[in-house]
Structure formats: C-alpha cells, structure tokens
Amino acid sequence: MEDAALWFVIAIALAFDFTNGMHDAANSIATIVATRVLSPRLAVVWAAVFNFVAFLIFKTHVASTIAKGVVEQDVLSIGVIFAGLIGAIAWNMLTWYLGLPSSSSHALVGGMVGAAVAKSGFGSVVSSGLSKIGVFIVLAPLIGLALGFIVMVIVLQFSQKAKNVNRLNRGFRKMQLVSAGAYSLGHGGNDAQKTMGIILALLIATGHAGADSDVPLWVVLSAHTAIALGTLSGGWRIVHTMGSKITRLQPAGGVSAESAAAATLFFVSANGIPVSTTHTITGCIVGVGSIQRLSAVRWGVAGRVVWAWILTIPGAALMSALLFLLLKPF
Amino acid sequence: MDQRALFFMIAAAVAALLTTVIDEALRYVPELVAVTYAVLAAASYLDWRTNKR
C-alpha cells in the first residue's frame, strides 16, 4: 500500500515538473519570440531540448537543498509531500490562469513548508535553508538586473563601432539562438532539480534511499523529461507578458538578457540554490530595458510580477496547510 | 535627480541589508551585488549629469 502511495506521489511530482515547465519554461523563449528570431513553435522545441540535456552539465546540489534543506527530514512523509505538491500545483494553476508570472519554485517551497507546519509546527522548518532561499528571492532578480544592464552597456559600446547595422542585427539574431540555449540549460539545471529533490525526499522518507543518498539516475532523467515535455506544451499567456509587456526588446537586448540570466542560473545552480527562473529573467529584461531610462520599463507590469513573488510562498503554504489538515483524518 | 541612479542606490542598500541575514559562506554574493549597484549608481548619476549639461 505504501509503495502504491509512493509511486502515486512520484507521478504527482513529475506532473508538478510538467506544470513547472509549462508555467516557467515559457520564460526561456520569451525574448527569442519577442524579437522574432524563432517562431513560437520552434522556440519551444529549442528550449525543451536544452532543458533536457541540462542534466549532462549540472550536479544535483539544488535537489539536495530541496530534499534536505527546507523541512526537517523526520517530518517529511508521503502525506506532507503530497499536500505540499498539490498546494503548489493549485497555486501554479491559479497564477497561470490569471496570467501572472509567479514562481513555481517558490510555490513548491511554500507548499512543503505549509504542509510541514500543519503537521508539526514551525519547528519543522529548516530556518537556515529557508532564509537562504528567501534571500535569493530578492538577490536573483537583482543579480540578473545588474548583469543585464552591464552586458547591454558592453553590447551597445560594441555596436556603436559597427558600420553595417543590418549585418550587426543579423549577427545578434544568430547569437540569440546561443544565448537562449544557454538560458534554457540554466533553467533546466535549476528547475528540474526541484522535482528531483522532492522525489529524493520521498525515497528517503519511505526508506528507499539513505539520508545521504545522491539522486538516482532514473529520477534525474524522468525529471528532465517531464520539464521538457511541459516546455513543449507551452505557456503563451506568460510568454506574452514577459516578452513584450515589460519592455520592448531588440535582438541585442535579447542576447544581453538571456546571457545575463544564463550566467545567474549557472552560478546559483552550482551553489545549490533553488531560485525562480521567472524572477531571474524578469530582472534581466528590466536591466536591459533600463539602459536608456527607467521609464522604458513598464513598471505597472513589473509591479504585478513583484506582487506575484510576494504572495507565492504564503499563498502556496496556506493552500498546502489547509489540504494537509483536510486529509489528516484519512 | 537621476531616477536610475536612485533606483541603483536603493538596490545597493537592499543588497547590503541582505548581508546581515545570509550564511557566511554566501555572504560575498550580496556584498558583491551591493558594491556593483553602488558603482552603477555613481556611473548612472555621472552619465545623467553629463547629458544634462
């Protein structure tokens, strides 16, 4: 019976990964679609391929943080993880429906925390892990914004020396294929690992893996497959918000934003920090957009994004906590 | 006042505040971010002043 429940929750974790891909991975292609370098259909395939192959590049530090660094391991059970996942998925679906680019990653962390607190109180939360994630909620977009701004300054300096503007633009369009691929690698490397972390936590909680175990290869491959399939299914409402409503991007801006986001995601993944890819790319786009003047950024839309960030962890936590309490009698 | 410089100064202050709540192993990250934003704020202000003349 416990094995059936375990496989059921693993299936839900992979479904969460799928929704994560659908919800977040659309950001991978926002700039490449906005600058018309690729059609939406081709851009989605491009992003999905790089999402999948990310497992060849990144170690599983982020997965370890999710499995061992958010909630005390003795509190984790199939019921807690189930409630956490369903709360996070419900939050994702609500924000997806509303067209808000909220963070699947923080929904997951919020869901786990909410269910754990409902079971065992606030002592069940690993405060150092949660504070690290909390700090990077703010830091990730700030790093992205600064990098986006700096890369754009360098790109503009380079562009001013060019004599043939059309040729330069064509060059940037080709470079965007590389930068979008790099960003999708970073995205796959960070986001797919959150699901790996959940599955690893499940395996540890049910005794199928030791407390110090690494992520099994089948978990790595299934998580990357799920996120790539989610990316393939698309998330056009959010692509539209991210790619054209925050600020208008040219190919040079797209290259700068994606390169900055890729660098940020590579850094945080190497340090085992789960961040929101949505936060990161939004920061980069704002950084690129603010190169001329701050009024080039549509702060109203960026403000909606910030509200989604602020509400995500408490919202998902509340949903998961309620669900856990509802299911507790069973 | 240059709005962008002001925005960068606020970002530098936020990053500096975050150095107080992060683990020591990762403290260099908000420190570096704060310094970067302070430099960007100064550069942005100088750029604004130059363009204004």
# chains A, B, ... in the order shown; residues from 1 in each chain; ligands from 1
>>> interface_residues(of="chain B", to="chain A", cutoff="10 Å", atoms="only C-alpha atoms", output="PyMOL selection string")
chain B and resi 2-5+7-8+11-12+14-15+18-19+21-23+26+29-30+32-34+36-37+40+44+48
>>> residues_around(residues="region 1-5 of chain A", least_positions_apart="5", cutoff="9 Å", atoms="only C-alpha atoms", output="list of chain:residue names")
A:Ile10, A:Ile78, A:Thr206
>>> residues_around(residues="region 117-121 of chain A", least_positions_apart="2", cutoff="7 Å", atoms="only C-alpha atoms", output="list in words")
Val113, Gly114, Ala115, Gly123, Ser124, Ala321, Phe324 and Leu325 of chain A
>>> atom_distance(atom1="CA of Ala54 (chain A)", atom2="CA of Thr280 (chain A)")
17.6 Å
>>> residues_around(residues="Pro274 (chain A)", least_positions_apart="6", cutoff="8 Å", atoms="only C-alpha atoms", output="PDB file with N, CA and C atoms, in the first residue's frame")
ATOM      1  N   VAL A  62      21.100  21.512  -6.147  1.00  0.00           N
ATOM      2  CA  VAL A  62      19.786  22.130  -5.884  1.00  0.00           C
ATOM      3  C   VAL A  62      18.814  21.075  -5.362  1.00  0.00           C
ATOM      4  N   THR A  65      19.363  20.517  -1.744  1.00  0.00           N
ATOM      5  CA  THR A  65      18.810  21.602  -0.914  1.00  0.00           C
ATOM      6  C   THR A  65      17.314  21.397  -0.710  1.00  0.00           C
ATOM      7  N   ILE A  66      16.599  21.055  -1.786  1.00  0.00           N
ATOM      8  CA  ILE A  66      15.145  20.855  -1.668  1.00  0.00           C
ATOM      9  C   ILE A  66      14.840  19.653  -0.768  1.00  0.00           C
ATOM     10  N   SER A 105       8.906  27.538  -8.361  1.00  0.00           N
ATOM     11  CA  SER A 105       9.884  27.078  -7.377  1.00  0.00           C
ATOM     12  C   SER A 105       9.491  27.501  -5.968  1.00  0.00           C
ATOM     13  N   ILE A 133      17.012  30.572   0.743  1.00  0.00           N
ATOM     14  CA  ILE A 133      16.096  30.659  -0.403  1.00  0.00           C
ATOM     15  C   ILE A 133      15.424  32.035  -0.419  1.00  0.00           C
ATOM     16  N   ASN A 190      18.297  24.205 -12.966  1.00  0.00           N
ATOM     17  CA  ASN A 190      17.776  24.639 -11.659  1.00  0.00           C
ATOM     18  C   ASN A 190      16.376  24.076 -11.403  1.00  0.00           C
ATOM     19  N   ASP A 191      15.495  24.195 -12.368  1.00  0.00           N
ATOM     20  CA  ASP A 191      14.089  23.843 -12.109  1.00  0.00           C
ATOM     21  C   ASP A 191      13.822  22.338 -12.039  1.00  0.00           C
ATOM     22  N   LYS A 194      14.373  20.681  -8.694  1.00  0.00           N
ATOM     23  CA  LYS A 194      13.432  20.815  -7.573  1.00  0.00           C
ATOM     24  C   LYS A 194      12.565  19.565  -7.473  1.00  0.00           C
ATOM     25  N   VAL A 268      23.908  30.158  -9.456  1.00  0.00           N
ATOM     26  CA  VAL A 268      23.102  29.691  -8.316  1.00  0.00           C
ATOM     27  C   VAL A 268      22.978  28.168  -8.300  1.00  0.00           C
TER      28      VAL A 268
END
>>> select_by_dssp(residues="region 67-298 of chain A", states="helix (DSSP H, G or I)", output="JSON, numbers by chain")
{"A": [67, 68, 78, 79, 80, 81, 82, 83, 84, 85, 86, 87, 88, 89, 90, 91, 92, 93, 94, 95, 96, 97, 98, 104, 105, 106, 107, 108, 109, 110, 111, 112, 113, 114, 115, 116, 117, 118, 119, 120, 122, 123, 124, 127, 128, 129, 130, 131, 132, 133, 134, 135, 136, 137, 138, 139, 140, 141, 142, 143, 144, 145, 146, 147, 148, 149, 150, 151, 152, 153, 154, 155, 156, 157, 158, 159, 160, 165, 166, 167, 168, 169, 170, 171, 172, 173, 174, 175, 176, 177, 178, 179, 180, 181, 182, 183, 184, 185, 186, 187, 188, 189, 190, 191, 192, 193, 194, 195, 196, 197, 198, 199, 200, 201, 202, 203, 204, 205, 217, 218, 219, 220, 221, 222, 223, 224, 225, 226, 227, 228, 229, 230, 231, 232, 233, 236, 237, 238, 239, 240, 241, 242, 243, 244, 245, 251, 252, 253, 254, 255, 256, 257, 258, 259, 260, 261, 262, 263, 264, 265, 266, 267, 268, 269, 270, 277, 278, 279, 280, 281, 282, 283, 284, 285, 286, 287, 288, 289, 294, 295, 296]}
>>> residues_around(residues="region 164-172 of chain A", least_positions_apart="6", cutoff="8 Å", atoms="only C-alpha atoms", output="MDAnalysis selection string")
chainID A and resid 251:252 255
>>> write_last_selection(atoms="N, CA, C and O atoms", output="tab-separated table (two decimals), in the first residue's frame")
chain	number	residue	atom	x	y	z
A	251	PRO	N	17.00	42.32	-30.87
A	251	PRO	CA	17.88	41.14	-30.73
A	251	PRO	C	19.06	41.38	-29.78
A	251	PRO	O	19.41	40.49	-29.00
A	252	ALA	N	19.67	42.56	-29.84
A	252	ALA	CA	20.82	42.82	-28.94
A	252	ALA	C	20.38	42.74	-27.48
A	252	ALA	O	21.10	42.21	-26.62
A	255	VAL	N	19.84	39.04	-26.53
A	255	VAL	CA	21.12	38.37	-26.25
A	255	VAL	C	21.61	38.76	-24.86
A	255	VAL	O	22.03	37.91	-24.07
>>> decode(residues="region 124-164 of chain A", atoms="N, CA and C atoms", output="PDB file, in the first residue's frame")
ATOM      1  N   SER A 124       9.459  22.562  12.422  1.00  0.00           N
ATOM      2  CA  SER A 124       9.794  21.589  11.380  1.00  0.00           C
ATOM      3  C   SER A 124      10.483  22.228  10.181  1.00  0.00           C
ATOM      4  N   VAL A 125      10.589  23.544  10.203  1.00  0.00           N
ATOM      5  CA  VAL A 125      11.202  24.253   9.070  1.00  0.00           C
ATOM      6  C   VAL A 125      12.701  24.417   9.325  1.00  0.00           C
ATOM      7  N   VAL A 126      13.501  24.136   8.298  1.00  0.00           N
ATOM      8  CA  VAL A 126      14.954  24.370   8.401  1.00  0.00           C
ATOM      9  C   VAL A 126      15.184  25.852   8.121  1.00  0.00           C
ATOM     10  N   SER A 127      15.358  26.627   9.203  1.00  0.00           N
ATOM     11  CA  SER A 127      15.364  28.086   9.024  1.00  0.00           C
ATOM     12  C   SER A 127      16.536  28.581   8.179  1.00  0.00           C
ATOM     13  N   SER A 128      17.714  27.914   8.325  1.00  0.00           N
ATOM     14  CA  SER A 128      18.877  28.389   7.551  1.00  0.00           C
ATOM     15  C   SER A 128      18.642  28.177   6.051  1.00  0.00           C
ATOM     16  N   GLY A 129      18.055  27.019   5.713  1.00  0.00           N
ATOM     17  CA  GLY A 129      17.773  26.740   4.304  1.00  0.00           C
ATOM     18  C   GLY A 129      16.730  27.687   3.756  1.00  0.00           C
ATOM     19  N   LEU A 130      15.691  27.908   4.557  1.00  0.00           N
ATOM     20  CA  LEU A 130      14.600  28.776   4.099  1.00  0.00           C
ATOM     21  C   LEU A 130      15.078  30.222   3.963  1.00  0.00           C
ATOM     22  N   SER A 131      15.974  30.639   4.895  1.00  0.00           N
ATOM     23  CA  SER A 131      16.457  32.028   4.797  1.00  0.00           C
ATOM     24  C   SER A 131      17.351  32.197   3.570  1.00  0.00           C
ATOM     25  N   LYS A 132      18.130  31.145   3.239  1.00  0.00           N
ATOM     26  CA  LYS A 132      18.969  31.212   2.031  1.00  0.00           C
ATOM     27  C   LYS A 132      18.073  31.366   0.798  1.00  0.00           C
ATOM     28  N   ILE A 133      17.012  30.572   0.743  1.00  0.00           N
ATOM     29  CA  ILE A 133      16.096  30.659  -0.403  1.00  0.00           C
ATOM     30  C   ILE A 133      15.424  32.035  -0.419  1.00  0.00           C
ATOM     31  N   GLY A 134      15.024  32.502   0.794  1.00  0.00           N
ATOM     32  CA  GLY A 134      14.356  33.799   0.909  1.00  0.00           C
ATOM     33  C   GLY A 134      15.243  34.943   0.442  1.00  0.00           C
ATOM     34  N   VAL A 135      16.531  34.893   0.834  1.00  0.00           N
ATOM     35  CA  VAL A 135      17.470  35.955   0.420  1.00  0.00           C
ATOM     36  C   VAL A 135      17.608  35.976  -1.098  1.00  0.00           C
ATOM     37  N   PHE A 136      17.651  34.792  -1.685  1.00  0.00           N
ATOM     38  CA  PHE A 136      17.834  34.746  -3.143  1.00  0.00           C
ATOM     39  C   PHE A 136      16.548  35.041  -3.914  1.00  0.00           C
ATOM     40  N   ILE A 137      15.405  35.072  -3.221  1.00  0.00           N
ATOM     41  CA  ILE A 137      14.197  35.575  -3.874  1.00  0.00           C
ATOM     42  C   ILE A 137      14.453  37.009  -4.325  1.00  0.00           C
ATOM     43  N   VAL A 138      15.135  37.764  -3.446  1.00  0.00           N
ATOM     44  CA  VAL A 138      15.442  39.167  -3.753  1.00  0.00           C
ATOM     45  C   VAL A 138      16.720  39.274  -4.589  1.00  0.00           C
ATOM     46  N   LEU A 139      17.724  38.465  -4.208  1.00  0.00           N
ATOM     47  CA  LEU A 139      19.034  38.615  -4.867  1.00  0.00           C
ATOM     48  C   LEU A 139      19.026  38.174  -6.328  1.00  0.00           C
ATOM     49  N   ALA A 140      18.308  37.094  -6.635  1.00  0.00           N
ATOM     50  CA  ALA A 140      18.360  36.568  -8.016  1.00  0.00           C
ATOM     51  C   ALA A 140      17.938  37.619  -9.045  1.00  0.00           C
ATOM     52  N   PRO A 141      16.794  38.298  -8.858  1.00  0.00           N
ATOM     53  CA  PRO A 141      16.467  39.331  -9.851  1.00  0.00           C
ATOM     54  C   PRO A 141      17.419  40.518  -9.819  1.00  0.00           C
ATOM     55  N   LEU A 142      17.957  40.821  -8.613  1.00  0.00           N
ATOM     56  CA  LEU A 142      18.920  41.941  -8.542  1.00  0.00           C
ATOM     57  C   LEU A 142      20.207  41.616  -9.305  1.00  0.00           C
ATOM     58  N   ILE A 143      20.677  40.366  -9.150  1.00  0.00           N
ATOM     59  CA  ILE A 143      21.877  39.949  -9.889  1.00  0.00           C
ATOM     60  C   ILE A 143      21.580  40.001 -11.387  1.00  0.00           C
ATOM     61  N   GLY A 144      20.418  39.449 -11.757  1.00  0.00           N
ATOM     62  CA  GLY A 144      20.034  39.440 -13.170  1.00  0.00           C
ATOM     63  C   GLY A 144      19.935  40.845 -13.730  1.00  0.00           C
ATOM     64  N   LEU A 145      19.333  41.756 -12.950  1.00  0.00           N
ATOM     65  CA  LEU A 145      19.158  43.138 -13.408  1.00  0.00           C
ATOM     66  C   LEU A 145      20.507  43.811 -13.646  1.00  0.00           C
ATOM     67  N   ALA A 146      21.416  43.665 -12.668  1.00  0.00           N
ATOM     68  CA  ALA A 146      22.734  44.303 -12.803  1.00  0.00           C
ATOM     69  C   ALA A 146      23.495  43.709 -13.982  1.00  0.00           C
ATOM     70  N   LEU A 147      23.471  42.363 -14.089  1.00  0.00           N
ATOM     71  CA  LEU A 147      24.193  41.721 -15.199  1.00  0.00           C
ATOM     72  C   LEU A 147      23.597  42.120 -16.544  1.00  0.00           C
ATOM     73  N   GLY A 148      22.250  42.137 -16.609  1.00  0.00           N
ATOM     74  CA  GLY A 148      21.580  42.531 -17.857  1.00  0.00           C
ATOM     75  C   GLY A 148      21.991  43.932 -18.267  1.00  0.00           C
ATOM     76  N   PHE A 149      22.028  44.835 -17.292  1.00  0.00           N
ATOM     77  CA  PHE A 149      22.412  46.232 -17.562  1.00  0.00           C
ATOM     78  C   PHE A 149      23.858  46.306 -18.062  1.00  0.00           C
ATOM     79  N   ILE A 150      24.761  45.605 -17.341  1.00  0.00           N
ATOM     80  CA  ILE A 150      26.192  45.673 -17.686  1.00  0.00           C
ATOM     81  C   ILE A 150      26.444  45.053 -19.068  1.00  0.00           C
ATOM     82  N   VAL A 151      25.847  43.881 -19.313  1.00  0.00           N
ATOM     83  CA  VAL A 151      26.055  43.228 -20.619  1.00  0.00           C
ATOM     84  C   VAL A 151      25.518  44.116 -21.736  1.00  0.00           C
ATOM     85  N   MET A 152      24.386  44.763 -21.475  1.00  0.00           N
ATOM     86  CA  MET A 152      23.797  45.635 -22.505  1.00  0.00           C
ATOM     87  C   MET A 152      24.695  46.846 -22.781  1.00  0.00           C
ATOM     88  N   VAL A 153      25.310  47.390 -21.732  1.00  0.00           N
ATOM     89  CA  VAL A 153      26.250  48.514 -21.924  1.00  0.00           C
ATOM     90  C   VAL A 153      27.406  48.066 -22.823  1.00  0.00           C
ATOM     91  N   ILE A 154      27.942  46.874 -22.542  1.00  0.00           N
ATOM     92  CA  ILE A 154      29.066  46.350 -23.339  1.00  0.00           C
ATOM     93  C   ILE A 154      28.622  46.144 -24.793  1.00  0.00           C
ATOM     94  N   VAL A 155      27.429  45.558 -24.949  1.00  0.00           N
ATOM     95  CA  VAL A 155      26.914  45.293 -26.300  1.00  0.00           C
ATOM     96  C   VAL A 155      26.724  46.603 -27.067  1.00  0.00           C
ATOM     97  N   LEU A 156      26.214  47.628 -26.385  1.00  0.00           N
ATOM     98  CA  LEU A 156      25.989  48.918 -27.056  1.00  0.00           C
ATOM     99  C   LEU A 156      27.308  49.573 -27.461  1.00  0.00           C
ATOM    100  N   GLN A 157      28.301  49.464 -26.575  1.00  0.00           N
ATOM    101  CA  GLN A 157      29.620  50.020 -26.910  1.00  0.00           C
ATOM    102  C   GLN A 157      30.162  49.350 -28.169  1.00  0.00           C
ATOM    103  N   PHE A 158      29.995  48.020 -28.207  1.00  0.00           N
ATOM    104  CA  PHE A 158      30.458  47.235 -29.347  1.00  0.00           C
ATOM    105  C   PHE A 158      29.685  47.635 -30.614  1.00  0.00           C
ATOM    106  N   SER A 159      28.377  47.827 -30.456  1.00  0.00           N
ATOM    107  CA  SER A 159      27.512  48.126 -31.608  1.00  0.00           C
ATOM    108  C   SER A 159      27.843  49.481 -32.224  1.00  0.00           C
ATOM    109  N   GLN A 160      28.228  50.436 -31.380  1.00  0.00           N
ATOM    110  CA  GLN A 160      28.480  51.791 -31.894  1.00  0.00           C
ATOM    111  C   GLN A 160      29.628  51.833 -32.887  1.00  0.00           C
ATOM    112  N   LYS A 161      30.529  50.839 -32.778  1.00  0.00           N
ATOM    113  CA  LYS A 161      31.681  50.814 -33.689  1.00  0.00           C
ATOM    114  C   LYS A 161      31.325  50.152 -35.023  1.00  0.00           C
ATOM    115  N   ALA A 162      30.196  49.456 -35.054  1.00  0.00           N
ATOM    116  CA  ALA A 162      29.827  48.725 -36.276  1.00  0.00           C
ATOM    117  C   ALA A 162      29.350  49.691 -37.356  1.00  0.00           C
ATOM    118  N   LYS A 163      29.698  49.369 -38.614  1.00  0.00           N
ATOM    119  CA  LYS A 163      29.318  50.253 -39.712  1.00  0.00           C
ATOM    120  C   LYS A 163      28.017  49.799 -40.362  1.00  0.00           C
ATOM    121  N   ASN A 164      27.817  48.477 -40.436  1.00  0.00           N
ATOM    122  CA  ASN A 164      26.618  47.942 -41.093  1.00  0.00           C
ATOM    123  C   ASN A 164      25.621  47.463 -40.036  1.00  0.00           C
TER     124      ASN A 164
END
